[in-house]
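Coordinates as given in my_file-v5.cif (mmCIF, C-alpha atoms):
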```
data_protein
#
loop_
_atom_site.label_atom_id
_atom_site.label_comp_id
_atom_site.auth_asym_id
_atom_site.auth_seq_id
_atom_site.Cartn_x
_atom_site.Cartn_y
_atom_site.Cartn_z
CA MET B 22 20.51 -79.74 33.51
CA LEU B 23 19.07 -77.90 30.53
CA ASP B 24 17.55 -74.42 30.93
CA ASP B 25 13.81 -74.20 30.79
CA PRO B 26 13.04 -72.63 27.35
CA VAL B 27 9.83 -71.14 28.71
CA ALA B 28 11.43 -69.52 31.74
CA ARG B 29 14.18 -67.73 29.78
CA PRO B 30 11.87 -65.51 27.63
CA SER B 31 9.74 -64.69 30.67
CA ALA B 32 12.84 -63.73 32.66
CA GLY B 33 14.00 -61.51 29.81
CA LEU B 34 10.60 -59.84 29.66
CA ALA B 35 10.71 -59.21 33.40
CA VAL B 36 14.14 -57.59 33.09
CA ARG B 37 12.97 -55.35 30.25
CA CYS B 38 9.86 -54.32 32.18
CA THR B 39 11.93 -53.55 35.26
CA ARG B 40 14.35 -51.43 33.24
CA ALA B 41 11.47 -49.56 31.63
CA LEU B 42 9.81 -48.87 34.98
CA LEU B 43 13.08 -47.70 36.54
CA SER B 44 14.19 -45.62 33.56
CA PRO B 45 14.81 -41.89 34.15
CA TRP B 46 11.77 -40.82 32.12
CA SER B 47 9.48 -43.28 33.93
CA ARG B 48 10.64 -41.91 37.25
CA LEU B 49 10.16 -38.34 36.04
CA THR B 50 6.62 -39.22 34.97
CA LEU B 51 5.99 -40.67 38.43
CA LEU B 52 7.30 -37.46 40.00
CA VAL B 53 4.91 -35.37 37.91
CA LEU B 54 1.98 -37.61 38.88
CA VAL B 55 2.89 -37.46 42.58
CA LEU B 56 3.13 -33.67 42.54
CA ALA B 57 -0.11 -33.33 40.59
CA ALA B 58 -1.89 -35.59 43.07
CA ALA B 59 -0.47 -33.64 46.00
CA ALA B 60 -1.51 -30.29 44.52
CA THR B 61 -5.01 -31.63 43.84
CA THR B 62 -5.31 -32.88 47.41
CA VAL B 63 -4.31 -29.47 48.74
CA LEU B 64 -6.90 -27.75 46.58
CA LEU B 65 -9.59 -30.09 47.90
CA LEU B 66 -8.61 -29.87 51.58
CA GLU B 67 -8.07 -26.08 51.53
CA PRO B 68 -5.48 -25.77 54.35
CA GLN B 69 -5.81 -21.99 54.23
CA ARG B 70 -9.00 -22.40 56.26
CA LEU B 71 -6.76 -22.66 59.33
CA LEU B 72 -6.41 -18.88 59.22
CA ALA B 73 -10.17 -18.47 59.55
CA ASP B 74 -11.25 -21.54 61.53
CA GLY B 75 -8.22 -22.12 63.75
CA TRP B 76 -6.69 -25.43 64.83
CA PRO B 77 -9.10 -28.29 65.65
CA PRO B 78 -9.71 -28.30 69.42
CA GLN B 79 -9.41 -32.10 69.60
CA VAL B 80 -5.61 -31.89 69.20
CA GLY B 81 -3.66 -29.65 71.55
CA GLY B 82 -0.33 -29.12 73.27
CA GLY B 83 2.95 -30.40 71.88
CA ALA B 84 1.20 -32.97 69.71
CA ALA B 85 -0.55 -30.17 67.84
CA VAL B 86 2.75 -28.36 67.23
CA VAL B 87 4.37 -31.55 65.89
CA LEU B 88 1.35 -32.42 63.76
CA PHE B 89 1.28 -28.93 62.30
CA GLY B 90 4.98 -29.17 61.45
CA VAL B 91 4.42 -32.44 59.58
CA ALA B 92 1.40 -31.01 57.76
CA TYR B 93 3.45 -27.88 56.97
CA GLY B 94 6.18 -29.98 55.36
CA LEU B 95 3.73 -31.96 53.26
CA CYS B 96 1.94 -28.80 52.16
CA THR B 97 5.14 -27.05 51.06
CA ALA B 98 6.08 -30.12 49.02
CA ALA B 99 2.65 -29.74 47.38
CA PHE B 100 3.34 -26.08 46.46
CA VAL B 101 1.35 -24.38 49.23
CA PRO B 102 2.92 -20.91 49.70
CA ARG B 103 5.05 -20.77 52.85
CA PRO B 104 3.99 -17.22 53.84
CA LEU B 105 0.44 -18.48 54.23
CA LEU B 106 1.58 -21.39 56.39
CA ASN B 107 3.85 -19.15 58.46
CA LEU B 108 1.00 -16.74 59.17
CA ALA B 109 -1.17 -19.68 60.18
CA ALA B 110 1.55 -21.02 62.51
CA GLY B 111 1.75 -17.68 64.30
CA ALA B 112 -2.00 -17.22 64.46
CA VAL B 113 -2.61 -20.72 65.86
CA PHE B 114 0.39 -21.31 68.17
CA GLY B 115 1.88 -17.89 68.87
CA SER B 116 5.40 -16.69 68.16
CA GLN B 117 7.62 -19.28 69.86
CA ALA B 118 5.80 -22.54 69.25
CA GLY B 119 4.68 -21.32 65.84
CA LEU B 120 8.25 -20.52 64.81
CA ALA B 121 9.54 -23.93 65.97
CA SER B 122 6.78 -25.74 64.11
CA ALA B 123 7.21 -23.65 60.96
CA LEU B 124 10.99 -24.12 60.83
CA ALA B 125 10.68 -27.87 61.35
CA GLY B 126 8.07 -28.02 58.60
CA THR B 127 10.27 -25.92 56.32
CA VAL B 128 13.21 -28.31 56.62
CA LEU B 129 10.92 -31.34 56.32
CA GLY B 130 9.19 -30.01 53.22
CA ALA B 131 12.50 -29.04 51.63
CA GLY B 132 13.87 -32.51 52.34
CA ILE B 133 10.81 -34.19 50.82
CA SER B 134 11.03 -32.08 47.66
CA PHE B 135 14.79 -32.52 47.38
CA GLY B 136 14.49 -36.28 47.81
CA LEU B 137 11.72 -36.61 45.25
CA GLY B 138 13.59 -34.49 42.74
CA ARG B 139 16.90 -36.27 43.32
CA VAL B 140 15.52 -39.82 43.11
CA LEU B 141 12.82 -39.36 40.46
CA GLY B 142 13.89 -36.39 38.36
CA GLN B 143 17.64 -35.82 38.34
CA ASP B 144 18.68 -38.51 35.84
CA ALA B 145 16.08 -37.38 33.30
CA LEU B 146 16.54 -33.64 33.69
CA ARG B 147 20.34 -33.27 33.92
CA PRO B 148 20.89 -34.15 30.22
CA LEU B 149 18.52 -31.29 29.34
CA LEU B 150 20.79 -28.65 30.91
CA ARG B 151 22.03 -27.42 27.55
CA GLY B 152 21.31 -23.71 27.73
CA ARG B 153 24.00 -21.35 28.99
CA TRP B 154 21.82 -19.94 31.76
CA LEU B 155 20.82 -23.40 32.95
CA ARG B 156 24.42 -24.62 32.95
CA ALA B 157 25.56 -21.53 34.84
CA ALA B 158 22.85 -21.91 37.49
CA ASP B 159 23.62 -25.62 37.80
CA GLY B 160 27.32 -24.89 38.20
CA GLN B 161 26.63 -22.30 40.89
CA LEU B 162 24.53 -24.73 42.93
CA SER B 163 26.89 -27.65 42.36
CA ARG B 164 30.11 -25.80 43.25
CA HIS B 165 28.83 -23.35 45.88
CA GLY B 166 25.71 -25.11 47.11
CA PHE B 167 25.66 -24.02 50.74
CA ARG B 168 26.24 -20.31 50.26
CA SER B 169 24.00 -20.17 47.18
CA MET B 170 21.11 -21.86 48.98
CA LEU B 171 21.70 -19.74 52.08
CA ALA B 172 21.38 -16.59 49.97
CA ILE B 173 18.23 -17.92 48.31
CA ARG B 174 16.62 -18.60 51.69
CA LEU B 175 17.73 -15.32 53.26
CA PHE B 176 16.47 -13.29 50.30
CA PRO B 177 13.44 -15.28 49.14
CA GLY B 178 13.15 -14.13 45.56
CA VAL B 179 13.05 -17.68 44.20
CA PRO B 180 9.89 -19.68 45.04
CA PHE B 181 10.52 -22.27 47.75
CA ALA B 182 9.50 -25.32 45.69
CA ALA B 183 11.42 -24.16 42.62
CA ALA B 184 14.63 -23.77 44.67
CA ASN B 185 14.16 -27.24 46.14
CA TYR B 186 13.80 -28.99 42.79
CA CYS B 187 16.56 -26.98 41.12
CA ALA B 188 18.93 -27.97 43.93
CA ALA B 189 17.82 -31.59 43.57
CA VAL B 190 18.69 -31.63 39.87
CA SER B 191 22.12 -30.13 40.58
CA ARG B 192 24.97 -32.00 42.27
CA MET B 193 24.44 -30.23 45.58
CA GLY B 194 24.73 -32.46 48.64
CA TRP B 195 21.95 -33.27 51.11
CA LEU B 196 23.61 -31.83 54.21
CA PRO B 197 24.55 -28.41 52.78
CA PHE B 198 21.06 -28.11 51.32
CA LEU B 199 19.22 -28.89 54.57
CA VAL B 200 21.54 -26.84 56.80
CA ALA B 201 21.40 -23.81 54.50
CA THR B 202 17.61 -24.14 54.33
CA GLY B 203 17.25 -24.32 58.11
CA LEU B 204 19.57 -21.37 58.84
CA GLY B 205 18.53 -19.17 55.96
CA SER B 206 14.80 -19.57 56.60
CA VAL B 207 14.91 -18.31 60.19
CA PRO B 208 14.63 -14.52 59.66
CA ASN B 209 11.86 -14.48 57.07
CA THR B 210 9.91 -17.28 58.74
CA ALA B 211 10.11 -15.51 62.10
CA ALA B 212 8.81 -12.29 60.59
CA TYR B 213 5.75 -13.98 59.11
CA VAL B 214 5.07 -16.03 62.25
CA VAL B 215 5.26 -12.94 64.47
CA ALA B 216 3.03 -11.05 62.06
CA GLY B 217 0.53 -13.90 62.19
CA SER B 218 0.58 -13.96 65.98
CA ARG B 219 -0.18 -10.20 66.08
CA ALA B 220 -2.60 -10.10 63.16
CA ALA B 221 -5.45 -9.22 65.53
CA SER B 222 -3.71 -5.92 66.31
CA PRO B 223 -2.34 -4.68 62.98
CA THR B 224 -1.35 -1.30 64.41
CA SER B 225 0.91 -2.75 67.12
CA PRO B 226 4.65 -1.95 66.85
CA VAL B 227 5.57 -5.65 66.70
CA PHE B 228 3.27 -6.26 63.74
CA LEU B 229 4.50 -3.17 61.91
CA VAL B 230 8.16 -4.10 62.48
CA SER B 231 7.50 -7.61 61.17
CA MET B 232 5.82 -6.34 58.04
CA GLY B 233 8.61 -3.82 57.53
CA PHE B 234 11.19 -6.57 57.75
CA ILE B 235 9.27 -8.61 55.16
CA ALA B 236 9.21 -5.59 52.83
CA VAL B 237 12.95 -4.95 53.30
CA THR B 238 13.88 -8.57 52.59
CA GLY B 239 11.70 -8.44 49.48
CA LEU B 240 13.63 -5.43 48.21
CA GLY B 241 16.88 -7.15 49.16
CA ALA B 242 15.83 -10.20 47.18
CA ALA B 243 15.21 -8.04 44.12
CA ALA B 244 18.64 -6.43 44.47
CA VAL B 245 20.41 -9.77 44.93
CA ALA B 246 18.55 -11.26 41.97
CA TRP B 247 19.62 -8.31 39.81
CA ARG B 248 23.28 -8.79 40.73
CA LYS B 249 23.12 -12.56 40.32
CA ARG B 250 21.51 -12.09 36.92
CA HIS B 251 24.53 -10.24 35.60
CA ARG B 252 26.98 -12.68 37.19
CA LEU B 253 25.16 -15.68 35.74
CA ALA B 254 25.04 -13.97 32.35
CA ALA B 255 28.80 -13.39 32.43
CA ARG B 256 29.45 -16.96 33.55
CA ALA B 257 27.10 -18.29 30.89
CA ARG B 258 29.01 -16.39 28.21
CA THR B 259 32.32 -17.71 29.59
CA ASP B 260 31.10 -21.30 29.80
CA GLY B 261 29.56 -21.08 26.36
CA ALA B 262 32.67 -19.69 24.74
CA ALA B 263 34.92 -22.53 25.93
CA PRO B 264 33.07 -25.34 24.08
CA GLU B 265 32.86 -23.21 20.95
CA ALA B 266 36.63 -22.73 20.97
CA ALA B 267 37.28 -26.41 21.62
CA GLY B 268 34.82 -27.66 19.03
CA PRO B 269 31.42 -29.31 19.33
CA PRO B 270 30.56 -30.90 22.67
CA ASP B 271 31.10 -34.60 23.20
CA ARG B 272 27.66 -36.21 23.19
CA THR B 273 28.88 -39.72 23.88
CA ALA B 274 29.05 -39.21 27.66
#
```
As structure tokens, please, write out the structure in this file.
Amino acid sequence: MLDDPVARPSAGLAVRCTRALLSPWSRLTLLVLVLAAAATTVLLLEPQRLLADGWPPQVGGGAAVVLFGVAYGLCTAAFVPRPLLNLAAGAVFGSQAGLASALAGTVLGAGISFGLGRVLGQDALRPLLRGRWLRAADGQLSRHGFRSMLAIRLFPGVPFAAANYCAAVSRMGWLPFLVATGLGSVPNTAAYVVAGSRAASPTSPVFLVSMGFIAVTGLGAAAVAWRKRHRLAARARTDGAAPEAAGPPDRTA
């Protein structure tokens, strides 16, 4: 039976359209649009009003804690600062329930960002890692993902969303990323949640200790970043010298 001459060109067009839609740059464009839409939605909804208005009285109990955790995760994926959300969790739910909800939202938001970056952005962005600093940072996350991400979460000098998408572009695995995020986020998240729960009494010892811990971790983050800067610079020089000695890089891969 002869092939239908009309069906073959249409099938070829469908294949080309599918390849174009699934190409790395098309997926990266979709990622940018999704993040822009999410950020715009956050600006319109103004979740920071929770600090002033409190949680809606229609939703209470465990359902409110779970719902807040889900909203927390979505907000962090849309670039809402985590300190603000942590303070709101403590102010609305208290220390214990607020910490549980905030940590669950932290892992959820990190997973959403990591998944979006891995599926929609990695193939387009990895070929752009040409600079020495970028290659060194990528190598650090790819080879030592768990301990690198744990340090980033314990000493939060790198913005939460930026760390998520950088890890997604690297070859870091899902499990090390999520486990390191969950463990490393506990101390700093707890400090903000406790501070939020005691914000009504800013002179109380608990509030002062929490704020002191936040200040100390901030200084620690600056010190760690300074040390990492020199290590990455040395590694970048080492990694950059090897290709120069071996000749121009192979661009056929």
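Closest approach to Val140 of chain B among B:Gly83, B:Asn209, B:Ser191, B:Val237: B:Ser191, based on all atoms listed in the file.
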- Query: When you draw a straight line from atom CA of Gly111 of chain B to atom CA of Val87 of chain B, how long is it in Å?
  - Reply: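 We find that atom CA of Gly111 of chain B and atom CA of Val87 of chain B lie 14.2 Å from each other.
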- Message: Quick check, in Å to one decimal: how far apart do atom CA of Leu175 of chain B and atom CA of Ser122 of chain B lie?
- Response: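 So the two atoms, atom CA of Leu175 of chain B and atom CA of Ser122 of chain B, lie 18.6 Å apart.
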- Query: From the set B:Gly138, B:Gly130, B:Gly166, B:Gly217, which residue has the shortest atom-to-atom contact distance to Val101 of chain B, counting all atoms listed in the file?
  - Reply: B:Gly130
- Item | One-decimal distance in Å that lies between atom CA of Arg139 of chain B and atom CA of Ser169 of chain B |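 Atom CA of Ser169 of chain B sits 18.0 Å away from atom CA of Arg139 of chain B.
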- For Phe89 of chain B, list every protein, DNA or RNA residue within 12 Å, evaluated using all atoms listed in the file, and leave out those in the same chain fewer than 5 positions away; present the list as a PyMOL selection string. chain B and resi 68+71+75-77+80-84+94-96+106-107+109-111+113-114+118-127+129
Could you write those residues out with C-alpha atoms, as a PDB file, in the coordinates of the input?
```pdb
ATOM      1  CA  PRO B  68      -5.480 -25.770  54.350  1.00  0.00           C
ATOM      2  CA  LEU B  71      -6.760 -22.660  59.330  1.00  0.00           C
ATOM      3  CA  GLY B  75      -8.220 -22.120  63.750  1.00  0.00           C
ATOM      4  CA  TRP B  76      -6.690 -25.430  64.830  1.00  0.00           C
ATOM      5  CA  PRO B  77      -9.100 -28.290  65.650  1.00  0.00           C
ATOM      6  CA  VAL B  80      -5.610 -31.890  69.200  1.00  0.00           C
ATOM      7  CA  GLY B  81      -3.660 -29.650  71.550  1.00  0.00           C
ATOM      8  CA  GLY B  82      -0.330 -29.120  73.270  1.00  0.00           C
ATOM      9  CA  GLY B  83       2.950 -30.400  71.880  1.00  0.00           C
ATOM     10  CA  ALA B  84       1.200 -32.970  69.710  1.00  0.00           C
ATOM     11  CA  GLY B  94       6.180 -29.980  55.360  1.00  0.00           C
ATOM     12  CA  LEU B  95       3.730 -31.960  53.260  1.00  0.00           C
ATOM     13  CA  CYS B  96       1.940 -28.800  52.160  1.00  0.00           C
ATOM     14  CA  LEU B 106       1.580 -21.390  56.390  1.00  0.00           C
ATOM     15  CA  ASN B 107       3.850 -19.150  58.460  1.00  0.00           C
ATOM     16  CA  ALA B 109      -1.170 -19.680  60.180  1.00  0.00           C
ATOM     17  CA  ALA B 110       1.550 -21.020  62.510  1.00  0.00           C
ATOM     18  CA  GLY B 111       1.750 -17.680  64.300  1.00  0.00           C
ATOM     19  CA  VAL B 113      -2.610 -20.720  65.860  1.00  0.00           C
ATOM     20  CA  PHE B 114       0.390 -21.310  68.170  1.00  0.00           C
ATOM     21  CA  ALA B 118       5.800 -22.540  69.250  1.00  0.00           C
ATOM     22  CA  GLY B 119       4.680 -21.320  65.840  1.00  0.00           C
ATOM     23  CA  LEU B 120       8.250 -20.520  64.810  1.00  0.00           C
ATOM     24  CA  ALA B 121       9.540 -23.930  65.970  1.00  0.00           C
ATOM     25  CA  SER B 122       6.780 -25.740  64.110  1.00  0.00           C
ATOM     26  CA  ALA B 123       7.210 -23.650  60.960  1.00  0.00           C
ATOM     27  CA  LEU B 124      10.990 -24.120  60.830  1.00  0.00           C
ATOM     28  CA  ALA B 125      10.680 -27.870  61.350  1.00  0.00           C
ATOM     29  CA  GLY B 126       8.070 -28.020  58.600  1.00  0.00           C
ATOM     30  CA  THR B 127      10.270 -25.920  56.320  1.00  0.00           C
ATOM     31  CA  LEU B 129      10.920 -31.340  56.320  1.00  0.00           C
TER      32      LEU B 129
END
```
- Item | Radius query 12 Å about (27.7, -21.6, 45.4), atoms used: all atoms listed in the file, as a PyMOL selection string | chain B and resi 157-173+188+191-194+197-198+201+249+253
- Task: Name every residue that the PyMOL selection byres ((chain B and resi 216) around 12) selects in this structure, writing the answer as a ChimeraX atom specification with chains first and numbers rising.
- Result: /B:104-113,115-116,119-120,209-215,217-235
Segment 54-60 of chain B environment, 10 Å, all atoms listed in the file, sequence neighbours closer than 5 positions dropped, as an mmCIF file with C-alpha atoms, keeping the file's coordinate frame:
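Contents of the output file result.cif:
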```
data_model
loop_
_atom_site.group_PDB
_atom_site.id
_atom_site.type_symbol
_atom_site.label_atom_id
_atom_site.label_comp_id
_atom_site.auth_asym_id
_atom_site.auth_seq_id
_atom_site.Cartn_x
_atom_site.Cartn_y
_atom_site.Cartn_z
ATOM 1 C CA ARG B 48 10.640 -41.910 37.250
ATOM 2 C CA LEU B 49 10.160 -38.340 36.040
ATOM 3 C CA LEU B 65 -9.590 -30.090 47.900
ATOM 4 C CA LEU B 95 3.730 -31.960 53.260
ATOM 5 C CA CYS B 96 1.940 -28.800 52.160
ATOM 6 C CA THR B 97 5.140 -27.050 51.060
ATOM 7 C CA ALA B 98 6.080 -30.120 49.020
ATOM 8 C CA ALA B 99 2.650 -29.740 47.380
ATOM 9 C CA PHE B 100 3.340 -26.080 46.460
ATOM 10 C CA VAL B 101 1.350 -24.380 49.230
ATOM 11 C CA SER B 134 11.030 -32.080 47.660
ATOM 12 C CA LEU B 137 11.720 -36.610 45.250
#
```
- Message: To test your reading of the syntax: which residues would the PyMOL selection byres ((chain B and resi 184) around 10) return for the file shown? Reply as a ChimeraX atom specification.
- Response: /B:131,134-135,170,173-174,177-183,185-189
- Between B:Leu66, B:Ala92, B:Pro78, B:Gly203, smallest distance to Gly132 of chain B by only C-alpha atoms belongs to B:Gly203
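The closest residue to Arg103 of chain B, picked from B:Leu196, B:Val190, B:Val53, B:Val128 and counting all atoms listed in the file, is B:Val128.
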- Find, counting all atoms listed in the file, the residue in B:Leu52, B:Val91, B:Val207, B:Leu64 that gets nearest to Gly142 of chain B.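 Answer, going by the shortest atom-to-atom distance: B:Leu52.
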